[in-house]
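Engineer: Pasting coords.pdb below, which is PDB, C-alpha atoms.
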ATOM      1  CA  MET A 191      18.142 -30.668  -5.642
ATOM      2  CA  PRO A 192      21.773 -31.213  -6.738
ATOM      3  CA  LEU A 193      22.879 -34.299  -8.597
ATOM      4  CA  ARG A 194      25.739 -35.907  -6.695
ATOM      5  CA  VAL A 195      28.530 -37.621  -8.598
ATOM      6  CA  ARG A 196      30.722 -40.285  -7.023
ATOM      7  CA  HIS A 197      33.878 -41.633  -8.677
ATOM      8  CA  LEU A 198      34.391 -45.106  -7.238
ATOM      9  CA  GLY A 199      37.375 -46.272  -9.289
ATOM     10  CA  ARG A 200      37.764 -50.016  -9.922
ATOM     11  CA  THR A 201      35.068 -51.923  -8.035
ATOM     12  CA  ASP A 202      33.705 -55.414  -7.599
ATOM     13  CA  TYR A 203      30.419 -55.754  -9.478
ATOM     14  CA  SER A 204      28.488 -57.659  -6.799
ATOM     15  CA  GLN A 205      29.531 -55.305  -4.021
ATOM     16  CA  THR A 206      28.576 -52.263  -6.091
ATOM     17  CA  TRP A 207      25.229 -53.813  -7.001
ATOM     18  CA  GLN A 208      24.412 -54.532  -3.359
ATOM     19  CA  ALA A 209      25.419 -50.978  -2.436
ATOM     20  CA  MET A 210      22.935 -49.679  -5.025
ATOM     21  CA  VAL A 211      20.202 -51.902  -3.622
ATOM     22  CA  ALA A 212      20.913 -50.662  -0.094
ATOM     23  CA  PHE A 213      21.038 -47.004  -1.197
ATOM     24  CA  THR A 214      17.703 -47.329  -2.998
ATOM     25  CA  ALA A 215      16.023 -49.109  -0.083
ATOM     26  CA  ALA A 216      17.188 -46.463   2.394
ATOM     27  CA  ARG A 217      16.433 -43.349   0.364
ATOM     28  CA  ASN A 218      13.532 -41.001   1.102
ATOM     29  CA  ALA A 219      11.953 -37.948  -0.503
ATOM     30  CA  GLU A 220      14.918 -35.776   0.536
ATOM     31  CA  THR A 221      17.662 -38.079  -0.698
ATOM     32  CA  PRO A 222      19.636 -36.450  -3.530
ATOM     33  CA  ASP A 223      19.975 -38.368  -6.772
ATOM     34  CA  GLU A 224      23.432 -39.760  -7.467
ATOM     35  CA  LEU A 225      25.551 -40.891 -10.400
ATOM     36  CA  TRP A 226      28.182 -43.515  -9.583
ATOM     37  CA  CYS A 227      31.145 -43.794 -11.977
ATOM     38  CA  CYS A 228      33.313 -46.894 -11.935
ATOM     39  CA  GLU A 229      35.088 -49.632 -13.822
ATOM     40  CA  HIS A 230      34.613 -53.268 -12.893
ATOM     41  CA  SER A 231      36.973 -56.176 -12.555
ATOM     42  CA  PRO A 232      36.232 -58.729 -15.319
ATOM     43  CA  VAL A 233      32.744 -60.186 -14.882
ATOM     44  CA  LEU A 234      29.783 -61.423 -16.890
ATOM     45  CA  THR A 235      26.336 -60.304 -15.743
ATOM     46  CA  LEU A 236      23.000 -61.866 -16.632
ATOM     47  CA  GLY A 237      19.851 -59.735 -16.439
ATOM     48  CA  GLN A 238      16.724 -60.688 -14.551
ATOM     49  CA  ALA A 239      15.139 -62.425 -17.545
ATOM     50  CA  GLY A 240      18.496 -63.398 -19.027
ATOM     51  CA  LYS A 241      18.912 -66.761 -20.742
ATOM     52  CA  PRO A 242      22.002 -68.790 -19.784
ATOM     53  CA  GLU A 243      22.306 -70.135 -23.337
ATOM     54  CA  HIS A 244      23.595 -66.728 -24.413
ATOM     55  CA  LEU A 245      26.852 -67.685 -22.688
ATOM     56  CA  LEU A 246      28.632 -69.537 -25.483
ATOM     57  CA  LEU A 247      32.010 -70.306 -23.926
ATOM     58  CA  ASP A 248      33.262 -70.629 -20.369
ATOM     59  CA  LEU A 249      36.149 -68.200 -19.984
ATOM     60  CA  GLY A 250      36.488 -68.832 -16.265
ATOM     61  CA  LEU A 251      34.986 -65.425 -15.459
ATOM     62  CA  PRO A 252      32.463 -64.909 -12.653
ATOM     63  CA  LEU A 253      28.843 -64.949 -13.841
ATOM     64  CA  VAL A 254      26.506 -62.818 -11.709
ATOM     65  CA  LYS A 255      22.730 -63.143 -12.027
ATOM     66  CA  THR A 256      21.612 -59.608 -11.328
ATOM     67  CA  ASP A 257      18.285 -57.764 -11.130
ATOM     68  CA  ARG A 258      18.657 -55.318 -14.020
ATOM     69  CA  GLY A 259      16.799 -55.597 -17.282
ATOM     70  CA  GLY A 260      18.436 -57.048 -20.353
ATOM     71  CA  GLN A 261      20.345 -60.204 -21.161
ATOM     72  CA  ILE A 262      24.050 -61.008 -20.785
ATOM     73  CA  THR A 263      26.954 -58.585 -21.015
ATOM     74  CA  TYR A 264      30.597 -58.256 -20.068
ATOM     75  CA  HIS A 265      32.193 -55.659 -17.809
ATOM     76  CA  GLY A 266      35.931 -55.165 -17.502
ATOM     77  CA  PRO A 267      38.714 -52.628 -17.035
ATOM     78  CA  GLY A 268      38.661 -49.854 -19.613
ATOM     79  CA  GLN A 269      34.878 -49.822 -19.770
ATOM     80  CA  VAL A 270      33.156 -46.849 -18.122
ATOM     81  CA  VAL A 271      30.055 -47.683 -16.097
ATOM     82  CA  ILE A 272      27.685 -44.939 -14.919
ATOM     83  CA  TYR A 273      25.021 -45.989 -12.441
ATOM     84  CA  LEU A 274      21.994 -43.711 -12.178
ATOM     85  CA  LEU A 275      20.314 -43.684  -8.772
ATOM     86  CA  LEU A 276      17.335 -41.468  -9.440
ATOM     87  CA  ASP A 277      13.922 -40.692  -7.968
ATOM     88  CA  LEU A 278      11.898 -40.947 -11.169
ATOM     89  CA  GLU A 279       8.673 -39.723  -9.596
ATOM     90  CA  ARG A 280      10.352 -36.582  -8.273
ATOM     91  CA  ARG A 281      11.898 -35.953 -11.688
ATOM     92  CA  LYS A 282       8.578 -36.681 -13.442
ATOM     93  CA  LEU A 283      10.528 -39.088 -15.612
ATOM     94  CA  ARG A 284       9.217 -42.268 -17.189
ATOM     95  CA  VAL A 285      11.487 -45.263 -17.713
ATOM     96  CA  ARG A 286      11.265 -45.043 -21.475
ATOM     97  CA  GLU A 287      12.164 -41.338 -21.326
ATOM     98  CA  LEU A 288      15.137 -42.142 -19.103
ATOM     99  CA  VAL A 289      16.391 -44.817 -21.497
ATOM    100  CA  SER A 290      16.134 -42.330 -24.368
ATOM    101  CA  ALA A 291      17.962 -39.671 -22.321
ATOM    102  CA  ILE A 292      20.824 -42.043 -21.482
ATOM    103  CA  GLU A 293      21.172 -43.093 -25.107
ATOM    104  CA  GLN A 294      21.124 -39.455 -26.222
ATOM    105  CA  ALA A 295      23.858 -38.602 -23.727
ATOM    106  CA  VAL A 296      26.124 -41.218 -25.321
ATOM    107  CA  ILE A 297      25.164 -40.150 -28.847
ATOM    108  CA  ASP A 298      25.966 -36.510 -28.029
ATOM    109  CA  LEU A 299      29.284 -37.453 -26.428
ATOM    110  CA  LEU A 300      30.373 -39.349 -29.528
ATOM    111  CA  ALA A 301      29.089 -36.598 -31.830
ATOM    112  CA  ALA A 302      31.291 -34.092 -29.977
ATOM    113  CA  HIS A 303      34.242 -36.173 -31.182
ATOM    114  CA  GLY A 304      33.039 -36.523 -34.765
ATOM    115  CA  VAL A 305      31.496 -39.991 -34.472
ATOM    116  CA  ALA A 306      27.916 -40.539 -35.648
ATOM    117  CA  ALA A 307      26.064 -42.994 -33.409
ATOM    118  CA  GLU A 308      22.458 -44.123 -33.318
ATOM    119  CA  ARG A 309      19.794 -46.193 -31.622
ATOM    120  CA  HIS A 310      18.560 -49.508 -33.022
ATOM    121  CA  GLY A 311      14.838 -50.069 -32.636
ATOM    122  CA  GLY A 312      13.972 -52.735 -30.070
ATOM    123  CA  ALA A 313      17.577 -53.125 -28.929
ATOM    124  CA  PRO A 314      18.399 -50.574 -26.187
ATOM    125  CA  GLY A 315      21.895 -49.154 -26.351
ATOM    126  CA  VAL A 316      24.008 -47.065 -28.699
ATOM    127  CA  TYR A 317      25.533 -48.266 -31.957
ATOM    128  CA  VAL A 318      28.051 -47.093 -34.521
ATOM    129  CA  GLY A 319      26.915 -48.848 -37.651
ATOM    130  CA  PRO A 320      26.099 -52.412 -36.610
ATOM    131  CA  ALA A 321      28.494 -52.406 -33.655
ATOM    132  CA  LYS A 322      27.382 -51.723 -30.096
ATOM    133  CA  VAL A 323      29.464 -49.221 -28.154
ATOM    134  CA  ALA A 324      27.217 -48.711 -25.108
ATOM    135  CA  ALA A 325      24.788 -51.013 -23.305
ATOM    136  CA  LEU A 326      22.213 -50.191 -20.671
ATOM    137  CA  GLY A 327      19.964 -51.907 -18.179
ATOM    138  CA  LEU A 328      17.858 -50.532 -15.345
ATOM    139  CA  ARG A 329      15.832 -51.642 -12.348
ATOM    140  CA  VAL A 330      13.010 -49.615 -10.789
ATOM    141  CA  ARG A 331      11.761 -50.061  -7.230
ATOM    142  CA  LYS A 332       9.119 -47.782  -5.715
ATOM    143  CA  SER A 333       9.625 -45.197  -8.473
ATOM    144  CA  CYS A 334      13.406 -45.106  -7.927
ATOM    145  CA  CYS A 335      15.903 -46.566 -10.377
ATOM    146  CA  TYR A 336      19.396 -47.974 -10.225
ATOM    147  CA  HIS A 337      21.846 -49.737 -12.578
ATOM    148  CA  GLY A 338      22.688 -47.745 -15.693
ATOM    149  CA  VAL A 339      24.937 -47.606 -18.755
ATOM    150  CA  SER A 340      28.310 -49.005 -19.794
ATOM    151  CA  LEU A 341      30.490 -47.381 -22.466
ATOM    152  CA  ASN A 342      33.359 -49.307 -24.029
ATOM    153  CA  VAL A 343      36.392 -47.009 -24.025
ATOM    154  CA  GLU A 344      39.746 -48.822 -24.173
ATOM    155  CA  MET A 345      39.329 -52.419 -23.076
ATOM    156  CA  ASP A 346      39.907 -56.007 -24.097
ATOM    157  CA  LEU A 347      36.839 -56.753 -26.220
ATOM    158  CA  SER A 348      37.620 -60.451 -26.696
ATOM    159  CA  PRO A 349      35.318 -61.710 -23.873
ATOM    160  CA  PHE A 350      32.338 -60.418 -25.869
ATOM    161  CA  SER A 351      33.046 -63.193 -28.383
ATOM    162  CA  ALA A 352      32.124 -65.724 -25.692
ATOM    163  CA  ILE A 353      28.562 -64.372 -25.391
ATOM    164  CA  ASN A 354      25.655 -63.208 -27.494
ATOM    165  CA  PRO A 355      25.973 -59.556 -26.436
ATOM    166  CA  CYS A 356      22.681 -58.434 -24.889
ATOM    167  CA  GLY A 357      21.132 -61.610 -26.296
ATOM    168  CA  TYR A 358      21.894 -60.938 -29.978
ATOM    169  CA  PRO A 359      23.907 -63.678 -31.712
ATOM    170  CA  GLY A 360      26.854 -62.358 -33.681
ATOM    171  CA  MET A 361      26.404 -58.737 -32.629
ATOM    172  CA  PRO A 362      29.711 -56.891 -33.093
ATOM    173  CA  VAL A 363      30.970 -54.563 -30.389
ATOM    174  CA  THR A 364      33.306 -51.600 -30.616
ATOM    175  CA  GLN A 365      34.886 -49.007 -28.343
ATOM    176  CA  THR A 366      35.705 -45.322 -28.463
ATOM    177  CA  ARG A 367      39.459 -45.895 -28.894
ATOM    178  CA  ASP A 368      38.826 -47.905 -32.060
ATOM    179  CA  LEU A 369      36.541 -45.123 -33.305
ATOM    180  CA  GLY A 370      39.408 -42.639 -33.145
ATOM    181  CA  ILE A 371      38.391 -40.983 -29.867
ATOM    182  CA  SER A 372      41.424 -40.444 -27.627
ATOM    183  CA  LEU A 373      39.652 -40.182 -24.272
ATOM    184  CA  THR A 374      40.937 -42.115 -21.279
ATOM    185  CA  PRO A 375      38.304 -43.968 -19.241
ATOM    186  CA  ALA A 376      38.453 -41.230 -16.583
ATOM    187  CA  GLN A 377      37.978 -38.507 -19.189
ATOM    188  CA  ALA A 378      35.148 -40.440 -20.843
ATOM    189  CA  ALA A 379      33.424 -40.890 -17.478
ATOM    190  CA  THR A 380      33.570 -37.165 -16.753
ATOM    191  CA  ALA A 381      32.288 -36.298 -20.224
ATOM    192  CA  LEU A 382      29.458 -38.844 -20.071
ATOM    193  CA  VAL A 383      28.358 -37.643 -16.634
ATOM    194  CA  GLN A 384      28.164 -34.117 -18.027
ATOM    195  CA  GLN A 385      26.051 -35.268 -20.956
ATOM    196  CA  ILE A 386      23.733 -37.287 -18.696
ATOM    197  CA  ALA A 387      23.285 -34.260 -16.425
ATOM    198  CA  VAL A 388      22.358 -32.135 -19.458
ATOM    199  CA  GLN A 389      19.725 -34.661 -20.478
ATOM    200  CA  LEU A 390      18.268 -34.908 -16.974
ATOM    201  CA  GLU A 391      18.056 -31.127 -16.631
ATOM    202  CA  ARG A 392      15.929 -30.962 -19.757
ATOM    203  CA  LYS A 393      13.108 -32.574 -17.798
ATOM    204  CA  PRO A 394      10.841 -30.258 -15.761
TER
END
Could you write out this file's structure as structure tokens?
Structural biologist:
Amino acid sequence: MPLRVRHLGRTDYSQTWQAMVAFTAARNAETPDELWCCEHSPVLTLGQAGKPEHLLLDLGLPLVKTDRGGQITYHGPGQVVIYLLLDLERRKLRVRELVSAIEQAVIDLLAAHGVAAERHGGAPGVYVGPAKVAALGLRVRKSCCYHGVSLNVEMDLSPFSAINPCGYPGMPVTQTRDLGISLTPAQAATALVQQIAVQLERKP
């Protein structure tokens, strides 16, 4: 069954989240899996078990308590977000395997541009040295997942200083532009979708 890709452009986080919830609730065994690519207007999101104390400074940004895993993060223009709406049972894919596949897709994308990235044990995401370049969080309902991964491309990183990124005090963040990768957000989205598709096709 083909993997459908939708390029949504700049979207409101809450509206996109509710659209994912509705899509997942309405899908059936014949519903194709989809990847949604977008950028969000500036917003802070707090995961299902997120702790409000990880917000250190009120920047006047909306704070959305969402149903993904993970703690607090920032989304804004210049950051690529890929949402994965997948039937995990049909793909015979476990959540941990999916997390690893998403991380590997980012690692392979950066490696193609000469940047060595890695995982950090116990802290999902992708890192270049100590700095986080991609964050992820998922939600699974009835063996189907939604939410996904965000990759910092060319954005204003300063709002991250107002939070403990993903719940880790003092964690530095970086972006592909500062790593010497000259991809636009649109180009990075296309490249990351391709890498995610490669990883998903490796599963039986």
Engineer: Name the residues captured by the PyMOL selection byres ((chain A and resi 263) around 9) when it is applied to the shown file; answer as a PyMOL selection string.
Structural biologist: chain A and resi 233-237+260-262+264-265+325+350+353-357
Engineer: If I take CA of Leu288 in chain A and CA of Leu390 in chain A, how far is one from the other in Å, to one decimal?
Structural biologist: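 The value is 8.2 Å.
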Engineer: Which residues are near Thr221 in chain A? Cut-off 10 Å, only C-alpha atoms, ignore same chain within fewer than 6 positions. Put them as a ChimeraX atom specification.
Structural biologist: /A:191,213-214,276-277
Engineer: How would you write, as a list in words, the residues chosen by the PyMOL selection byres ((chain A and resi 326) around 7) on this structure?
Structural biologist: Pro314, Gly315, Ala324, Ala325, Gly327, Leu328, Gly338, Val339 and Ser340 of chain A
Engineer: Counting only C-alpha atoms, figure out which residue out of A:Val285, A:Ile386, A:Cys228, A:Leu193 gets nearest to Cys334 in chain A.
Structural biologist: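 Going through A:Val285, A:Ile386, A:Cys228, A:Leu193 one by one, the smallest distance to Cys334 in chain A is for A:Val285.
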Engineer: Please evaluate the PyMOL selection byres ((chain A and resi 329) around 7) against the structure above and give the resulting residues as a ChimeraX atom specification.
Structural biologist: /A:257-259,328,330-331,335-337
Engineer: Go ahead and dump the residues you just picked, C-alpha atoms, as a CSV table (one decimal), keeping the file's coordinate frame.
Structural biologist:
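To be explicit, this is the file written out as again16.csv:
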chain,number,residue,atom,x,y,z
A,257,ASP,CA,18.3,-57.8,-11.1
A,258,ARG,CA,18.7,-55.3,-14.0
A,259,GLY,CA,16.8,-55.6,-17.3
A,328,LEU,CA,17.9,-50.5,-15.3
A,330,VAL,CA,13.0,-49.6,-10.8
A,331,ARG,CA,11.8,-50.1,-7.2
A,335,CYS,CA,15.9,-46.6,-10.4
A,336,TYR,CA,19.4,-48.0,-10.2
A,337,HIS,CA,21.8,-49.7,-12.6
Engineer: Range 345-349 of chain A, all listed atoms, 5 Å padding on each side: what axis-aligned box centre and edge lengths in Å to one decimal come out, as JSON?
Structural biologist:
{"center_x": 37.6, "center_y": -57.1, "center_z": -24.9, "size_x": 14.6, "size_y": 19.3, "size_z": 13.6}
Engineer: Have a look at CA of Pro267 in chain A and CA of His230 in chain A and let me know their distance in Å, one decimal.
Structural biologist: 5.9 Å
Engineer: Between A:Ser204, A:Gln389, A:Ala215, A:Pro359, which residue has the minimum interatomic distance to Val296 in chain A, considering all atoms listed in the file?
Structural biologist: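 Among A:Ser204, A:Gln389, A:Ala215, A:Pro359, it is A:Gln389 that comes nearest to Val296 in chain A.
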Engineer: Given the choices A:Val383, A:Pro320, A:Gly312, A:Leu275, which gets closest to Ala216 in chain A if the distance is worked out from all atoms listed in the file?
Structural biologist: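 Smallest separation from Ala216 in chain A among the options: A:Leu275.
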Engineer: So, with all atoms listed in the file as the atoms that count, which of A:Gln365, A:Thr380, A:Ser351, A:Thr256 lies closest to Val305 in chain A?
Structural biologist: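 Of all the options, A:Gln365 lies closest to Val305 in chain A.
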